[in-house]
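Dumped protein21.csv below, it's CSV, C-alpha atoms:
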```csv
chain,number,residue,atom,x,y,z
A,154,MET,CA,0.0,0.0,0.0
A,155,VAL,CA,1.0,3.7,-0.4
A,156,LEU,CA,-0.4,5.8,2.4
A,157,ARG,CA,-0.4,9.6,2.3
A,158,TYR,CA,-1.3,11.2,5.7
A,159,LYS,CA,-1.4,14.6,7.4
A,160,LEU,CA,1.5,15.7,9.7
A,161,PRO,CA,0.9,17.7,12.9
A,162,PRO,CA,1.6,21.4,12.9
A,163,GLY,CA,5.2,22.4,13.1
A,164,TYR,CA,6.6,20.1,10.4
A,165,SER,CA,8.3,21.5,7.3
A,166,HIS,CA,5.5,20.2,5.1
A,167,PRO,CA,1.8,19.3,5.8
A,168,MET,CA,1.8,15.7,4.7
A,169,THR,CA,4.1,12.7,4.0
A,170,ASP,CA,3.9,9.2,2.4
A,171,VAL,CA,4.8,5.7,3.4
A,172,ILE,CA,4.9,2.5,1.3
A,173,GLY,CA,4.5,-0.9,2.9
A,174,ILE,CA,2.2,-3.7,3.9
A,175,LEU,CA,-1.2,-2.9,5.4
A,176,GLU,CA,-1.4,-4.5,8.9
A,177,GLY,CA,-4.4,-2.8,10.5
A,178,ALA,CA,-7.5,-0.7,9.7
A,179,ASP,CA,-8.4,0.9,13.0
A,180,PRO,CA,-6.1,2.8,13.2
A,181,ILE,CA,-4.6,2.5,9.7
A,182,ALA,CA,-1.3,0.6,10.2
A,183,VAL,CA,1.3,0.2,7.5
A,184,ARG,CA,4.6,-1.7,8.0
A,185,ALA,CA,7.3,0.1,6.0
A,186,GLY,CA,10.1,-1.6,4.2
A,187,ASP,CA,12.6,-0.6,6.9
A,188,GLY,CA,10.4,-2.3,9.6
A,189,ARG,CA,8.7,0.8,11.0
A,190,LEU,CA,5.0,0.5,11.8
A,191,VAL,CA,3.2,3.7,10.9
A,192,GLN,CA,-0.2,4.1,12.5
A,193,VAL,CA,-2.5,7.0,11.8
A,194,SER,CA,-6.1,7.7,12.6
A,195,ALA,CA,-8.8,7.8,9.8
A,196,ASP,CA,-9.0,11.6,9.9
A,197,GLN,CA,-5.3,11.9,9.1
A,198,VAL,CA,-5.5,9.8,5.9
A,199,ILE,CA,-5.4,11.7,2.6
A,200,ALA,CA,-5.0,8.7,0.3
A,201,LEU,CA,-4.5,5.0,0.6
A,202,LYS,CA,-3.8,3.0,-2.6
A,203,THR,CA,-2.9,-0.6,-3.3
A,204,LEU,CA,0.3,-1.4,-5.2
A,205,SER,CA,0.7,-4.8,-6.9
A,206,ALA,CA,3.9,-6.6,-7.7
A,207,ARG,CA,4.2,-8.7,-10.9
A,208,PRO,CA,6.9,-10.4,-13.0
A,209,ILE,CA,8.6,-8.1,-15.5
A,210,ARG,CA,8.7,-9.5,-19.0
A,211,ILE,CA,11.8,-9.1,-21.2
A,212,GLY,CA,9.9,-7.0,-23.7
A,213,GLU,CA,9.0,-4.5,-20.9
A,214,ILE,CA,12.7,-4.2,-20.1
A,215,ARG,CA,13.5,-3.5,-23.7
A,216,ASN,CA,10.7,-1.0,-24.0
A,217,LEU,CA,11.7,0.9,-20.9
A,218,GLU,CA,15.4,0.9,-21.9
A,219,THR,CA,14.4,2.3,-25.3
A,220,ALA,CA,12.5,5.1,-23.7
A,221,ALA,CA,15.4,5.8,-21.3
A,222,ALA,CA,17.9,5.8,-24.2
A,223,ALA,CA,15.7,8.4,-26.0
A,224,ALA,CA,15.9,10.5,-22.8
A,225,TRP,CA,19.7,10.3,-22.6
A,226,PRO,CA,20.9,9.7,-26.2
A,227,GLY,CA,24.2,11.5,-26.1
A,228,VAL,CA,25.0,13.9,-29.0
A,229,GLU,CA,25.7,11.2,-31.6
A,230,GLN,CA,24.2,7.8,-32.2
A,231,ALA,CA,24.6,4.8,-34.5
A,232,TRP,CA,23.2,1.2,-34.8
A,233,ILE,CA,25.5,-1.8,-35.2
A,234,ASP,CA,24.0,-5.3,-35.3
A,235,GLY,CA,21.2,-4.5,-32.9
A,236,TRP,CA,23.4,-2.3,-30.6
A,237,LEU,CA,22.6,1.4,-30.1
A,238,LEU,CA,25.8,3.3,-29.8
A,239,ARG,CA,25.9,6.7,-28.1
A,240,ALA,CA,28.6,9.3,-27.8
A,241,GLY,CA,28.5,12.4,-25.6
A,242,HIS,CA,32.0,13.9,-25.2
A,243,GLY,CA,32.8,11.3,-22.5
A,244,PHE,CA,30.2,12.8,-20.1
A,245,THR,CA,28.4,9.9,-18.3
A,246,GLY,CA,28.4,6.2,-19.0
A,247,ARG,CA,24.8,6.3,-20.3
A,248,ALA,CA,25.7,8.8,-23.0
A,249,ASN,CA,28.9,7.0,-24.1
A,250,SER,CA,28.0,3.3,-24.3
A,251,ALA,CA,26.5,0.7,-26.4
A,252,LEU,CA,23.1,-0.7,-25.5
A,253,PRO,CA,21.8,-4.1,-26.8
A,254,LEU,CA,18.3,-3.2,-27.7
A,255,GLY,CA,18.0,-5.4,-30.8
A,256,GLY,CA,14.3,-5.8,-31.8
A,257,ALA,CA,11.3,-7.5,-30.4
A,258,GLY,CA,12.1,-11.2,-30.2
A,259,THR,CA,15.7,-10.7,-31.2
A,260,VAL,CA,19.1,-10.5,-29.4
A,261,ALA,CA,21.8,-8.1,-30.3
A,262,GLY,CA,24.8,-9.8,-31.9
A,263,PHE,CA,28.2,-9.8,-30.4
A,264,ASP,CA,30.6,-11.8,-32.6
A,265,ALA,CA,34.1,-10.8,-33.4
A,266,SER,CA,33.1,-8.6,-36.4
A,267,THR,CA,30.5,-6.8,-34.2
A,268,VAL,CA,33.0,-6.2,-31.4
A,269,GLU,CA,35.6,-4.7,-33.8
A,270,ARG,CA,33.0,-2.4,-35.5
A,271,ILE,CA,31.8,-1.2,-32.1
A,272,ARG,CA,35.4,-0.6,-30.9
A,273,GLN,CA,36.2,1.3,-34.1
A,274,TRP,CA,33.2,3.6,-33.7
A,275,PHE,CA,34.1,4.5,-30.1
A,276,GLY,CA,37.8,4.7,-31.0
A,277,ASP,CA,37.1,7.2,-33.8
A,278,ARG,CA,35.6,9.5,-31.2
A,279,GLY,CA,38.4,9.1,-28.7
A,280,LEU,CA,36.2,7.0,-26.3
A,281,PRO,CA,36.8,3.7,-24.6
A,282,THR,CA,34.4,0.8,-25.6
A,283,LEU,CA,31.7,0.6,-22.9
A,284,LEU,CA,28.7,-1.7,-22.9
A,285,LEU,CA,25.5,-1.0,-20.9
A,286,LEU,CA,23.9,-4.4,-20.2
A,287,PRO,CA,20.4,-4.5,-18.8
A,288,ASP,CA,19.1,-7.7,-17.1
A,289,ARG,CA,18.1,-10.4,-19.7
A,290,LEU,CA,19.1,-8.2,-22.7
A,291,GLY,CA,22.8,-8.8,-22.4
A,292,THR,CA,25.6,-10.3,-20.3
A,293,SER,CA,29.2,-9.3,-19.8
A,294,PRO,CA,31.4,-11.0,-22.5
A,295,ASP,CA,34.2,-13.3,-21.3
A,296,GLY,CA,37.2,-11.3,-20.2
A,297,TRP,CA,35.3,-8.0,-19.8
A,298,THR,CA,35.0,-6.2,-16.5
A,299,SER,CA,31.5,-5.8,-15.1
A,300,GLU,CA,30.9,-2.9,-12.7
A,301,LYS,CA,28.6,-0.1,-11.5
A,302,GLU,CA,25.4,-2.0,-10.9
A,303,THR,CA,22.4,0.2,-11.2
A,304,ILE,CA,18.7,-0.3,-10.3
A,305,VAL,CA,16.1,0.9,-12.7
A,306,MET,CA,13.0,1.8,-10.6
A,307,ALA,CA,9.6,2.4,-12.1
A,308,ALA,CA,6.1,3.6,-11.1
A,309,ASP,CA,2.7,3.7,-12.6
A,310,LEU,CA,1.7,7.4,-12.2
A,311,GLY,CA,-1.8,6.2,-11.4
A,312,ASN,CA,-0.4,4.7,-8.2
A,313,VAL,CA,1.8,7.7,-7.2
A,314,THR,CA,0.3,10.3,-4.9
A,315,LEU,CA,1.5,13.5,-6.5
A,316,PRO,CA,1.7,16.9,-4.7
A,317,LEU,CA,-1.5,18.9,-4.2
A,318,GLY,CA,-1.7,22.5,-5.3
A,319,PRO,CA,0.7,24.6,-7.4
A,320,PRO,CA,4.3,23.4,-7.7
A,321,VAL,CA,7.1,24.9,-5.6
A,322,THR,CA,9.5,24.0,-8.4
A,323,SER,CA,10.4,26.4,-11.2
A,324,PHE,CA,10.9,24.9,-14.6
A,325,ALA,CA,13.0,25.9,-17.6
A,326,ASP,CA,13.8,24.4,-21.0
A,327,ARG,CA,17.6,24.6,-20.4
A,328,PRO,CA,19.7,24.5,-17.2
A,329,ASP,CA,21.0,27.9,-16.1
A,330,HIS,CA,24.3,28.6,-14.4
A,331,ASN,CA,22.9,27.9,-10.9
A,332,TRP,CA,21.4,24.6,-12.0
A,333,LEU,CA,24.7,23.5,-13.6
A,334,SER,CA,26.7,24.7,-10.5
A,335,THR,CA,24.4,22.6,-8.2
A,336,TYR,CA,24.7,19.6,-10.5
A,337,ASP,CA,28.5,19.9,-10.2
A,338,ALA,CA,29.2,17.7,-13.2
A,339,HIS,CA,32.7,16.7,-14.3
A,340,GLY,CA,33.4,17.9,-17.8
A,341,ALA,CA,33.4,21.0,-20.0
A,342,PRO,CA,30.2,23.0,-19.3
A,343,ALA,CA,29.3,23.2,-23.0
A,344,HIS,CA,29.6,19.5,-23.3
A,345,VAL,CA,27.6,18.8,-20.1
A,346,GLU,CA,24.8,21.1,-21.3
A,347,ALA,CA,24.7,19.5,-24.7
A,348,VAL,CA,24.3,16.0,-23.2
A,349,LEU,CA,21.7,17.2,-20.7
A,350,THR,CA,19.5,18.9,-23.3
A,351,ALA,CA,19.8,16.1,-25.9
A,352,VAL,CA,16.5,14.2,-25.8
A,353,VAL,CA,14.3,12.5,-28.4
A,354,GLY,CA,11.2,13.9,-26.9
A,355,SER,CA,11.0,16.8,-24.4
A,356,ALA,CA,12.7,17.7,-21.2
A,357,THR,CA,12.5,20.2,-18.4
A,358,PHE,CA,14.9,21.4,-15.7
A,359,GLY,CA,13.4,22.0,-12.3
A,360,ALA,CA,14.8,23.9,-9.4
A,361,ILE,CA,13.7,24.9,-5.9
A,362,GLY,CA,15.2,28.0,-4.5
A,363,ASN,CA,15.9,31.6,-5.6
A,364,THR,CA,18.6,33.6,-7.4
A,365,ASP,CA,20.8,33.5,-4.3
A,366,THR,CA,20.3,29.9,-3.0
A,367,THR,CA,19.4,26.7,-4.9
A,368,LEU,CA,17.9,24.1,-2.6
A,369,ALA,CA,17.4,21.3,-5.1
A,370,ILE,CA,17.5,20.5,-8.8
A,371,GLY,CA,16.2,17.8,-11.1
A,372,ARG,CA,15.7,16.9,-14.8
A,373,ALA,CA,12.6,15.2,-16.3
A,374,ALA,CA,12.5,13.9,-19.8
A,375,LEU,CA,9.3,12.7,-21.6
A,376,THR,CA,9.8,10.0,-24.2
A,377,GLU,CA,7.8,7.2,-25.8
A,378,ALA,CA,8.5,3.5,-25.8
A,379,PRO,CA,8.0,1.2,-28.8
A,380,ASP,CA,4.7,0.0,-27.2
A,381,HIS,CA,3.6,3.6,-27.2
A,382,LYS,CA,3.7,3.9,-23.4
A,383,ARG,CA,4.8,7.4,-22.4
A,384,TRP,CA,7.4,7.6,-19.8
A,385,VAL,CA,8.8,10.5,-17.7
A,386,GLY,CA,12.4,9.8,-16.5
A,387,LEU,CA,14.0,11.6,-13.6
A,388,THR,CA,17.7,12.3,-13.7
A,389,GLY,CA,20.1,14.8,-12.0
A,390,ILE,CA,18.1,14.9,-8.7
A,391,HIS,CA,20.3,16.7,-6.3
A,392,VAL,CA,19.5,18.4,-3.0
A,393,ALA,CA,22.1,20.8,-1.5
A,394,PRO,CA,23.8,19.0,1.5
A,395,GLU,CA,22.7,21.6,4.0
A,396,HIS,CA,19.1,21.2,3.0
A,397,ARG,CA,18.7,17.4,3.0
A,398,ARG,CA,16.4,15.4,5.2
A,399,HIS,CA,13.7,18.1,5.1
A,400,GLY,CA,11.5,16.6,2.4
A,401,ILE,CA,12.8,18.8,-0.4
A,402,GLY,CA,13.9,15.8,-2.4
A,403,SER,CA,10.3,14.5,-2.3
A,404,LEU,CA,9.0,17.9,-3.3
A,405,ILE,CA,11.1,18.3,-6.4
A,406,CYS,CA,10.5,14.7,-7.5
A,407,GLY,CA,6.8,15.1,-7.0
A,408,ASP,CA,6.7,18.3,-9.1
A,409,LEU,CA,8.7,16.8,-11.9
A,410,LEU,CA,6.4,13.8,-11.9
A,411,SER,CA,3.4,16.1,-12.0
A,412,TRP,CA,5.0,17.9,-15.0
A,413,GLY,CA,5.4,14.6,-16.7
A,414,ARG,CA,1.8,13.5,-16.1
A,415,GLY,CA,0.6,17.0,-17.2
A,416,ASN,CA,2.4,16.4,-20.5
A,417,GLY,CA,0.9,12.9,-21.1
A,418,ALA,CA,3.2,10.5,-19.2
A,419,THR,CA,1.5,7.5,-17.7
A,420,HIS,CA,4.6,5.9,-16.2
A,421,ALA,CA,7.8,7.1,-14.6
A,422,TYR,CA,11.3,5.7,-14.1
A,423,LEU,CA,14.7,6.6,-12.7
A,424,GLN,CA,18.1,5.0,-12.3
A,425,VAL,CA,20.0,4.8,-9.0
A,426,SER,CA,23.2,3.1,-7.9
A,427,VAL,CA,22.7,0.0,-5.7
A,428,GLU,CA,24.9,1.6,-3.1
A,429,ASN,CA,22.8,4.7,-2.7
A,430,SER,CA,20.4,3.4,0.0
A,431,ALA,CA,19.2,6.9,1.0
A,432,ALA,CA,18.0,7.7,-2.5
A,433,ILE,CA,16.4,4.2,-2.9
A,434,ALA,CA,14.5,4.7,0.3
A,435,LEU,CA,13.3,8.1,-1.0
A,436,TYR,CA,12.1,6.7,-4.3
A,437,GLU,CA,10.3,3.8,-2.6
A,438,ARG,CA,8.4,6.3,-0.4
A,439,LEU,CA,7.3,8.0,-3.6
A,440,GLY,CA,5.9,4.8,-5.0
A,441,PHE,CA,8.8,3.5,-7.2
A,442,VAL,CA,9.7,-0.2,-7.2
A,443,GLU,CA,12.6,-2.1,-8.8
A,444,HIS,CA,11.9,-2.9,-12.5
A,445,HIS,CA,15.3,-4.3,-13.5
A,446,ARG,CA,19.0,-3.6,-13.2
A,447,TYR,CA,21.9,-2.9,-15.5
A,448,ARG,CA,25.7,-3.0,-15.4
A,449,TYR,CA,28.5,-1.6,-17.4
A,450,ALA,CA,31.1,-3.8,-19.1
A,451,THR,CA,34.5,-2.4,-20.0
A,452,ASP,CA,36.6,-3.7,-22.9
A,453,PRO,CA,39.8,-5.5,-21.8
A,454,VAL,CA,41.5,-4.3,-25.0
A,455,GLY,CA,40.9,-0.6,-24.0
A,456,GLY,CA,39.6,2.0,-26.4
```
Using the file provided, produce a representation of the structure as structure tokens.
Amino acid sequence: MVLRYKLPPGYSHPMTDVIGILEGADPIAVRAGDGRLVQVSADQVIALKTLSARPIRIGEIRNLETAAAAAWPGVEQAWIDGWLLRAGHGFTGRANSALPLGGAGTVAGFDASTVERIRQWFGDRGLPTLLLLPDRLGTSPDGWTSEKETIVMAADLGNVTLPLGPPVTSFADRPDHNWLSTYDAHGAPAHVEAVLTAVVGSATFGAIGNTDTTLAIGRAALTEAPDHKRWVGLTGIHVAPEHRRHGIGSLICGDLLSWGRGNGATHAYLQVSVENSAAIALYERLGFVEHHRYRYATDPVGG
């Protein structure tokens, strides 16, 4: 269940959410994933919805990865034997890797000829050969190093309790100086902005704060999967260290998801490192669940 309930006066925000197993009805009692038992009276409840878990089919993984690739395509792309290759000036693994999307019912090839052509493509751009391998779409080839396991979390926006009232987040078509400074990306600013604004669809850059202080930022991209499902993907979520643990992360995520739903998205996703337990807990509270995982594989031959 996802339970949204009112908080007493004095809190930084008027309500909060918890996701877990319903254990009681009078009062409402929900056992959260971390073991906490949250009990609230009926007059405190704003919304209570059922979330159902089900197996994820391989076609659903391919569809979501296709939508995610459209949201983060780098600045140059090519197809080689069912692999989508992306280059983005070396900024981020997602924008500078090969993804085995293949086609429905097919598997991307990876024989010696394919490997050499992929190596050549990345080498011509001064980049190492890097594979992004989602669950069940690809495995690390023999001799390649697998690393950076990432969880892809997803949510049906019909099951997510979004913020009430007007957003506290401001939106822009491009990231400004304050947004980029808060993002603190490694790389030339022009290259970073080029990768962030590249999308086969539409994107927005959200920020909470003012001209003097930025509390939080985030990027949302709206793209369509091959099955015509419209996804909003959250990336670049960052809350200034001194403003964490005050619900600001939930606020900006909620506003970005509302932006997506207002522009036709029916589902949402995000990617988070398996080591980032704090972020995973935040996203679970918002209603996200694990969809699948991916890992990177690096070429033992080098670039």
Tell me which of A:Gly311, A:Asp196, A:Tyr436, A:Ala265 sits closest to A:Leu160, counting all atoms listed in the file.
A:Asp196
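The gap separating atom CA of A:Leu387 from atom CA of A:Met154 is 22.7 Å, in Å to one decimal.
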Expressed in Å, the length from atom CA of A:Pro379 to atom CA of A:Leu217 is 8.7 Å
Need to verify the contact set: stretch 316-323 of chain A, 12 Å, only C-alpha atoms, exclusion of same-chain residues closer than 6 positions in sequence. Can you return it as a PyMOL selection string?
chain A and resi 157+166-170+199-200+329+332+357-364+367-372+401-412+414+439
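With atom CA of A:Val348 on one side and atom CA of A:Asp234 on the other, the separation reads 24.5 Å.
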Judged by only C-alpha atoms, the minimum distance to A:Arg247 among A:Ser334, A:Thr376, A:Asn216, A:Thr303 is found for A:Thr303
Would you kindly return, as a PyMOL selection string, each protein, DNA or RNA residue with an atom no farther than 12 Å from any atom of A:Pro281, considering all atoms listed in the file and excluding same-chain residues fewer than 6 positions away?
chain A and resi 239-240+242-243+246+249-251+271-275+450-456
